[in-house]
Amino acid sequence: MLVVNASAESCRVGPVDFAITTLEQAVKRTLDDALRERNDHVHLANAWSIALANEDHELRGVFQAGRNYPDGQPVVWAMRWLRGGQNGSRPGRVYGPTFFEKALEEGAELGVRHYFLGSTPETLSKLKSNIHERFPSAEIVGVSSPPFKDLSPEDLEYELSKIESCKPHIVWVGLGTPKQDFVAAYLAEKYAGVFACVGAAFDFTAGNLRAVPLWVQVCGMAWFYRFIQEPRRLWRRYTYGNAKFLGIVFEQLSGKRFALLRGHKSS
């Protein structure tokens, strides 16, 4: 049975519920679920994901059915602002490339089997080579580079057959949002394993993209660092997407404050 997002603590930003957790806890939860062969799809979602889900009810449903972690620092800040002074855990960032590499490293000690779905054959080859060098005990049981198009039901069934033959615990999906999210949700309905959407993590670990410095991440400027590296591909995401995200958060904060004011007046 598919696992539905049932985190003990969560915070909604726009239409997306995010688990309130730490990177370490997210890795542990994912590895535990994988070894138990639980059907699940995990999304490392950012401001762009929220902007898209706000306009696409099907994508919204995918996020509602899965488990979502805040990949971007601006999303973490929004979660903290929206929670205000609530008691409980403090929202932490689960950065996709770091999440991916920590799961490879820690999963090696547990015998976790990994499968990579996405990117190009050249990138997948570099990815495997770098992982074998950095995490020699990590077990990679298969890779696949699907067509750069919307995948048909026949395409998805073909990918499913390859996954089933390799028997991975975790399928890492790097197809870009929202394509990877729909693919992961579809496959998670049919295969007992965790499907984790990690965006550009393959390119970072393969060495195609320069790692974002930690201080840039902490400042919430990772998006600008990425934009400088790939301006032609990312300009719409970081102009329209960021503006849309800020509008969504502002509207949500305004609504929350209005509700609090009404509550004070009525009391």
# chains A, B, ... in the order shown; residues from 1 in each chain; ligands from 1

call {"tool": "residues_around", "arguments": {"residues": "segment 16-31 of chain A", "least_positions_apart": "3", "cutoff": "8 Å", "atoms": "only C-alpha atoms", "output": "ChimeraX atom specification"}}
result
/A:7,9-13,34-35,50,53,60,63-64,67-70,89-95,99,102-103,107,112,194

call {"tool": "select_by_dssp", "arguments": {"residues": "segment 48-223 of chain A", "states": "alpha helix (DSSP H)", "output": "number ranges by chain"}}
result
A: 48-55, 57-65, 73-83, 96-108, 121-134, 153-166, 179-188, 201-206, 214-218, 222-223

call {"tool": "closest_residue", "arguments": {"among": "A:Ser119, A:Asn54, A:Ser152, A:Asn39", "to": "Lys244 of chain A", "atoms": "only C-alpha atoms"}}
result
A:Asn54

call {"tool": "atom_distance", "arguments": {"atom1": "atom CA of Met221 of chain A", "atom2": "atom CA of Thr205 of chain A"}}
result
19.9 Å

call {"tool": "select_by_dssp", "arguments": {"residues": "segment 51-198 of chain A", "states": "strand (DSSP E or B)", "output": "tab-separated table (two decimals) with N, CA and C atoms, in the first residue's frame"}}
result
chain	number	residue	atom	x	y	z
A	67	ARG	N	5.76	12.38	0.33
A	67	ARG	CA	6.47	12.97	1.47
A	67	ARG	C	7.38	14.06	0.91
A	68	ASN	N	7.26	15.25	1.47
A	68	ASN	CA	7.95	16.41	0.91
A	68	ASN	C	8.93	17.01	1.91
A	69	TYR	N	10.13	17.29	1.43
A	69	TYR	CA	11.15	17.94	2.25
A	69	TYR	C	11.54	19.27	1.59
A	70	PRO	N	11.84	20.30	2.39
A	70	PRO	CA	12.21	21.60	1.84
A	70	PRO	C	13.64	21.61	1.31
A	113	ARG	N	20.15	-1.09	-1.87
A	113	ARG	CA	20.40	-1.16	-3.31
A	113	ARG	C	19.79	0.07	-4.00
A	114	HIS	N	20.58	0.70	-4.87
A	114	HIS	CA	20.18	1.96	-5.50
A	114	HIS	C	20.02	1.80	-7.01
A	115	TYR	N	19.09	2.59	-7.55
A	115	TYR	CA	18.82	2.63	-8.99
A	115	TYR	C	18.68	4.09	-9.38
A	116	PHE	N	19.26	4.48	-10.51
A	116	PHE	CA	19.22	5.87	-10.96
A	116	PHE	C	18.38	5.99	-12.22
A	117	LEU	N	17.38	6.84	-12.18
A	117	LEU	CA	16.47	7.06	-13.30
A	117	LEU	C	16.51	8.53	-13.70
A	118	GLY	N	17.09	8.81	-14.89
A	118	GLY	CA	17.12	10.19	-15.35
A	118	GLY	C	18.43	10.55	-16.02
A	139	GLU	N	25.90	0.17	-3.33
A	139	GLU	CA	25.49	-0.84	-4.31
A	139	GLU	C	24.52	-0.22	-5.33
A	140	ILE	N	25.00	-0.07	-6.56
A	140	ILE	CA	24.18	0.46	-7.65
A	140	ILE	C	23.76	-0.72	-8.52
A	141	VAL	N	22.46	-1.00	-8.55
A	141	VAL	CA	22.00	-2.20	-9.25
A	141	VAL	C	21.48	-1.90	-10.65
A	142	GLY	N	21.31	-0.63	-10.99
A	142	GLY	CA	20.83	-0.32	-12.33
A	142	GLY	C	20.70	1.17	-12.57
A	143	VAL	N	20.70	1.55	-13.85
A	143	VAL	CA	20.51	2.94	-14.25
A	143	VAL	C	19.66	2.96	-15.51
A	144	SER	N	18.99	4.09	-15.75
A	144	SER	CA	18.21	4.23	-16.98
A	144	SER	C	18.10	5.70	-17.34
A	170	ILE	N	15.86	1.76	-3.35
A	170	ILE	CA	15.57	3.16	-3.64
A	170	ILE	C	15.80	3.43	-5.12
A	171	VAL	N	14.84	4.08	-5.75
A	171	VAL	CA	15.00	4.57	-7.11
A	171	VAL	C	15.14	6.09	-7.03
A	172	TRP	N	16.30	6.59	-7.40
A	172	TRP	CA	16.55	8.02	-7.40
A	172	TRP	C	16.13	8.58	-8.75
A	173	VAL	N	15.23	9.57	-8.73
A	173	VAL	CA	14.65	10.09	-9.96
A	173	VAL	C	15.15	11.52	-10.19
A	174	GLY	N	15.88	11.71	-11.28
A	174	GLY	CA	16.42	13.02	-11.61
A	174	GLY	C	15.97	13.47	-12.98
A	194	VAL	N	11.18	2.94	-2.42
A	194	VAL	CA	11.10	4.40	-2.28
A	194	VAL	C	11.58	5.05	-3.58
A	195	PHE	N	10.80	5.98	-4.09
A	195	PHE	CA	11.17	6.76	-5.27
A	195	PHE	C	11.45	8.18	-4.80
A	196	ALA	N	12.71	8.58	-4.87
A	196	ALA	CA	13.13	9.87	-4.34
A	196	ALA	C	13.50	10.83	-5.47
A	197	CYS	N	12.79	11.95	-5.56
A	197	CYS	CA	13.02	12.94	-6.60
A	197	CYS	C	14.07	13.94	-6.14

call {"tool": "residues_around", "arguments": {"residues": "Ala211 of chain A", "least_positions_apart": "6", "cutoff": "12 Å", "atoms": "only C-alpha atoms", "output": "tab-separated table (two decimals) with N, CA and C atoms, in the first residue's frame"}}
result
chain	number	residue	atom	x	y	z
A	95	TYR	N	18.70	19.53	1.70
A	95	TYR	CA	19.26	19.88	0.39
A	95	TYR	C	19.47	18.63	-0.45
A	96	GLY	N	18.87	18.61	-1.64
A	96	GLY	CA	18.84	17.41	-2.47
A	96	GLY	C	20.17	16.71	-2.70
A	97	PRO	N	21.20	17.40	-3.21
A	97	PRO	CA	22.48	16.73	-3.46
A	97	PRO	C	23.11	16.14	-2.20
A	98	THR	N	23.01	16.85	-1.07
A	98	THR	CA	23.57	16.33	0.18
A	98	THR	C	22.76	15.14	0.68
A	200	ALA	N	18.59	18.02	-9.73
A	200	ALA	CA	19.92	18.11	-10.34
A	200	ALA	C	21.01	17.42	-9.54
A	201	ALA	N	20.64	16.62	-8.55
A	201	ALA	CA	21.65	15.96	-7.72
A	201	ALA	C	22.59	15.09	-8.55
A	202	PHE	N	22.07	14.44	-9.59
A	202	PHE	CA	22.93	13.62	-10.45
A	202	PHE	C	24.05	14.46	-11.05
A	203	ASP	N	23.69	15.65	-11.54
A	203	ASP	CA	24.69	16.51	-12.19
A	203	ASP	C	25.74	17.00	-11.20
A	204	PHE	N	25.34	17.28	-9.98
A	204	PHE	CA	26.31	17.73	-8.98
A	204	PHE	C	27.28	16.61	-8.62
A	205	THR	N	26.76	15.43	-8.32
A	205	THR	CA	27.62	14.32	-7.92
A	205	THR	C	28.47	13.83	-9.10
A	217	GLN	N	24.40	28.68	0.33
A	217	GLN	CA	23.17	27.98	0.71
A	217	GLN	C	22.54	28.62	1.93
A	222	ALA	N	21.36	30.06	-3.17
A	222	ALA	CA	21.73	28.93	-4.03
A	222	ALA	C	21.07	29.06	-5.40
A	225	TYR	N	23.19	31.24	-7.58
A	225	TYR	CA	24.41	30.52	-7.96
A	225	TYR	C	24.10	29.56	-9.10
A	226	ARG	N	22.95	28.86	-9.00
A	226	ARG	CA	22.52	27.95	-10.07
A	226	ARG	C	22.20	28.72	-11.35
A	229	GLN	N	25.11	29.54	-13.45
A	229	GLN	CA	25.65	28.39	-14.17
A	229	GLN	C	24.79	28.00	-15.38

call {"tool": "closest_atom_pairs", "arguments": {"of": "segment 16-97 of chain A", "to": "segment 231-237 of chain A", "cutoff": "12 Å", "atoms": "only C-alpha atoms", "output": "Markdown table"}}
result
| residue | atom | partner | partner_atom | distance |
| --- | --- | --- | --- | --- |
| A:Asn46 | CA | A:Arg237 | CA | 10.6 |
| A:Ala47 | CA | A:Arg237 | CA | 8.9 |
| A:Trp48 | CA | A:Arg237 | CA | 6.2 |
| A:Ser49 | CA | A:Arg237 | CA | 9.5 |
| A:Ile50 | CA | A:Arg237 | CA | 11.3 |
| A:Ala51 | CA | A:Arg237 | CA | 9.2 |
| A:Leu52 | CA | A:Arg237 | CA | 9.8 |

call {"tool": "atom_distance", "arguments": {"atom1": "atom CA of Cys219 of chain A", "atom2": "atom CA of Glu106 of chain A"}}
result
27.6 Å

call {"tool": "closest_residue", "arguments": {"among": "A:Ile163, A:Val198, A:Val218, A:Ala138", "to": "Pro178 of chain A", "atoms": "only C-alpha atoms"}}
result
A:Val198

call {"tool": "decode", "arguments": {"residues": "segment 28-135 of chain A", "atoms": "C-alpha atoms", "output": "mmCIF file, in the first residue's frame"}}
result
data_model
loop_
_atom_site.group_PDB
_atom_site.id
_atom_site.type_symbol
_atom_site.label_atom_id
_atom_site.label_comp_id
_atom_site.auth_asym_id
_atom_site.auth_seq_id
_atom_site.Cartn_x
_atom_site.Cartn_y
_atom_site.Cartn_z
ATOM 1 C CA LYS A 28 17.258 7.805 8.203
ATOM 2 C CA ARG A 29 13.528 7.765 7.480
ATOM 3 C CA THR A 30 14.131 7.164 3.775
ATOM 4 C CA LEU A 31 16.600 4.325 4.354
ATOM 5 C CA ASP A 32 14.308 2.704 6.938
ATOM 6 C CA ASP A 33 11.312 2.843 4.594
ATOM 7 C CA ALA A 34 13.397 1.498 1.714
ATOM 8 C CA LEU A 35 14.599 -1.525 3.669
ATOM 9 C CA ARG A 36 11.035 -2.234 4.767
ATOM 10 C CA GLU A 37 10.029 -2.130 1.072
ATOM 11 C CA ARG A 38 7.346 0.478 1.658
ATOM 12 C CA ASN A 39 5.811 2.086 -1.406
ATOM 13 C CA ASP A 40 6.610 5.772 -1.112
ATOM 14 C CA HIS A 41 7.539 8.780 -3.199
ATOM 15 C CA VAL A 42 9.723 11.510 -1.737
ATOM 16 C CA HIS A 43 10.026 15.019 -3.147
ATOM 17 C CA LEU A 44 12.829 17.493 -2.497
ATOM 18 C CA ALA A 45 10.685 20.518 -3.261
ATOM 19 C CA ASN A 46 11.583 24.185 -3.594
ATOM 20 C CA ALA A 47 9.983 27.544 -4.411
ATOM 21 C CA TRP A 48 9.482 26.493 -8.050
ATOM 22 C CA SER A 49 7.680 23.325 -6.955
ATOM 23 C CA ILE A 50 5.289 25.389 -4.834
ATOM 24 C CA ALA A 51 4.643 27.863 -7.659
ATOM 25 C CA LEU A 52 3.825 25.025 -10.071
ATOM 26 C CA ALA A 53 1.641 23.113 -7.604
ATOM 27 C CA ASN A 54 -0.330 26.264 -6.871
ATOM 28 C CA GLU A 55 -1.541 26.265 -10.492
ATOM 29 C CA ASP A 56 -1.681 22.521 -11.232
ATOM 30 C CA HIS A 57 -4.153 20.462 -9.203
ATOM 31 C CA GLU A 58 -2.694 17.171 -10.464
ATOM 32 C CA LEU A 59 0.782 18.105 -9.253
ATOM 33 C CA ARG A 60 -0.777 19.291 -6.002
ATOM 34 C CA GLY A 61 -2.300 15.831 -5.590
ATOM 35 C CA VAL A 62 1.083 14.183 -6.181
ATOM 36 C CA PHE A 63 2.661 16.236 -3.405
ATOM 37 C CA GLN A 64 -0.273 15.591 -1.076
ATOM 38 C CA ALA A 65 0.115 11.838 -1.569
ATOM 39 C CA GLY A 66 3.888 11.803 -1.040
ATOM 40 C CA ARG A 67 6.470 12.975 1.471
ATOM 41 C CA ASN A 68 7.949 16.414 0.912
ATOM 42 C CA TYR A 69 11.151 17.943 2.247
ATOM 43 C CA PRO A 70 12.211 21.604 1.835
ATOM 44 C CA ASP A 71 15.094 21.645 -0.634
ATOM 45 C CA GLY A 72 15.448 25.435 -0.732
ATOM 46 C CA GLN A 73 16.396 27.773 2.112
ATOM 47 C CA PRO A 74 13.624 30.266 1.194
ATOM 48 C CA VAL A 75 11.084 27.473 1.756
ATOM 49 C CA VAL A 76 12.601 26.804 5.189
ATOM 50 C CA TRP A 77 12.345 30.501 6.054
ATOM 51 C CA ALA A 78 8.713 30.527 4.926
ATOM 52 C CA MET A 79 7.983 27.513 7.136
ATOM 53 C CA ARG A 80 9.518 29.269 10.142
ATOM 54 C CA TRP A 81 7.602 32.494 9.484
ATOM 55 C CA LEU A 82 4.318 30.633 9.056
ATOM 56 C CA ARG A 83 4.826 28.631 12.239
ATOM 57 C CA GLY A 84 5.643 31.757 14.207
ATOM 58 C CA GLY A 85 6.139 30.953 17.868
ATOM 59 C CA GLN A 86 4.671 27.458 17.753
ATOM 60 C CA ASN A 87 6.296 24.854 19.954
ATOM 61 C CA GLY A 88 7.922 21.803 18.416
ATOM 62 C CA SER A 89 10.818 21.053 16.138
ATOM 63 C CA ARG A 90 12.473 23.817 14.131
ATOM 64 C CA PRO A 91 12.183 23.305 10.357
ATOM 65 C CA GLY A 92 15.492 22.376 8.741
ATOM 66 C CA ARG A 93 16.631 22.236 5.137
ATOM 67 C CA VAL A 94 16.989 18.931 3.290
ATOM 68 C CA TYR A 95 19.257 19.885 0.387
ATOM 69 C CA GLY A 96 18.842 17.409 -2.473
ATOM 70 C CA PRO A 97 22.484 16.732 -3.458
ATOM 71 C CA THR A 98 23.567 16.328 0.181
ATOM 72 C CA PHE A 99 20.546 14.133 0.950
ATOM 73 C CA PHE A 100 21.410 11.947 -2.047
ATOM 74 C CA GLU A 101 25.073 11.524 -1.108
ATOM 75 C CA LYS A 102 24.411 10.910 2.596
ATOM 76 C CA ALA A 103 21.884 8.213 1.689
ATOM 77 C CA LEU A 104 24.472 6.551 -0.553
ATOM 78 C CA GLU A 105 27.098 6.693 2.188
ATOM 79 C CA GLU A 106 24.913 5.534 5.078
ATOM 80 C CA GLY A 107 22.947 3.078 2.967
ATOM 81 C CA ALA A 108 26.153 1.234 2.074
ATOM 82 C CA GLU A 109 26.452 0.029 5.662
ATOM 83 C CA LEU A 110 22.877 -1.275 5.552
ATOM 84 C CA GLY A 111 23.020 -3.057 2.200
ATOM 85 C CA VAL A 112 20.670 -0.631 0.455
ATOM 86 C CA ARG A 113 20.401 -1.162 -3.310
ATOM 87 C CA HIS A 114 20.178 1.960 -5.500
ATOM 88 C CA TYR A 115 18.824 2.626 -8.992
ATOM 89 C CA PHE A 116 19.222 5.869 -10.955
ATOM 90 C CA LEU A 117 16.471 7.055 -13.300
ATOM 91 C CA GLY A 118 17.125 10.187 -15.354
ATOM 92 C CA SER A 119 19.698 12.379 -17.080
ATOM 93 C CA THR A 120 21.861 11.216 -20.016
ATOM 94 C CA PRO A 121 23.879 8.006 -20.461
ATOM 95 C CA GLU A 122 27.080 10.086 -20.273
ATOM 96 C CA THR A 123 26.085 11.692 -16.972
ATOM 97 C CA LEU A 124 24.975 8.371 -15.511
ATOM 98 C CA SER A 125 28.342 6.849 -16.429
ATOM 99 C CA LYS A 126 30.208 9.708 -14.719
ATOM 100 C CA LEU A 127 27.843 9.479 -11.759
ATOM 101 C CA LYS A 128 28.522 5.777 -11.231
ATOM 102 C CA SER A 129 32.266 6.299 -11.568
ATOM 103 C CA ASN A 130 32.338 9.122 -9.002
ATOM 104 C CA ILE A 131 30.163 7.201 -6.567
ATOM 105 C CA HIS A 132 32.329 4.092 -6.802
ATOM 106 C CA GLU A 133 35.332 6.281 -6.041
ATOM 107 C CA ARG A 134 33.772 8.201 -3.150
ATOM 108 C CA PHE A 135 31.444 5.533 -1.736
#
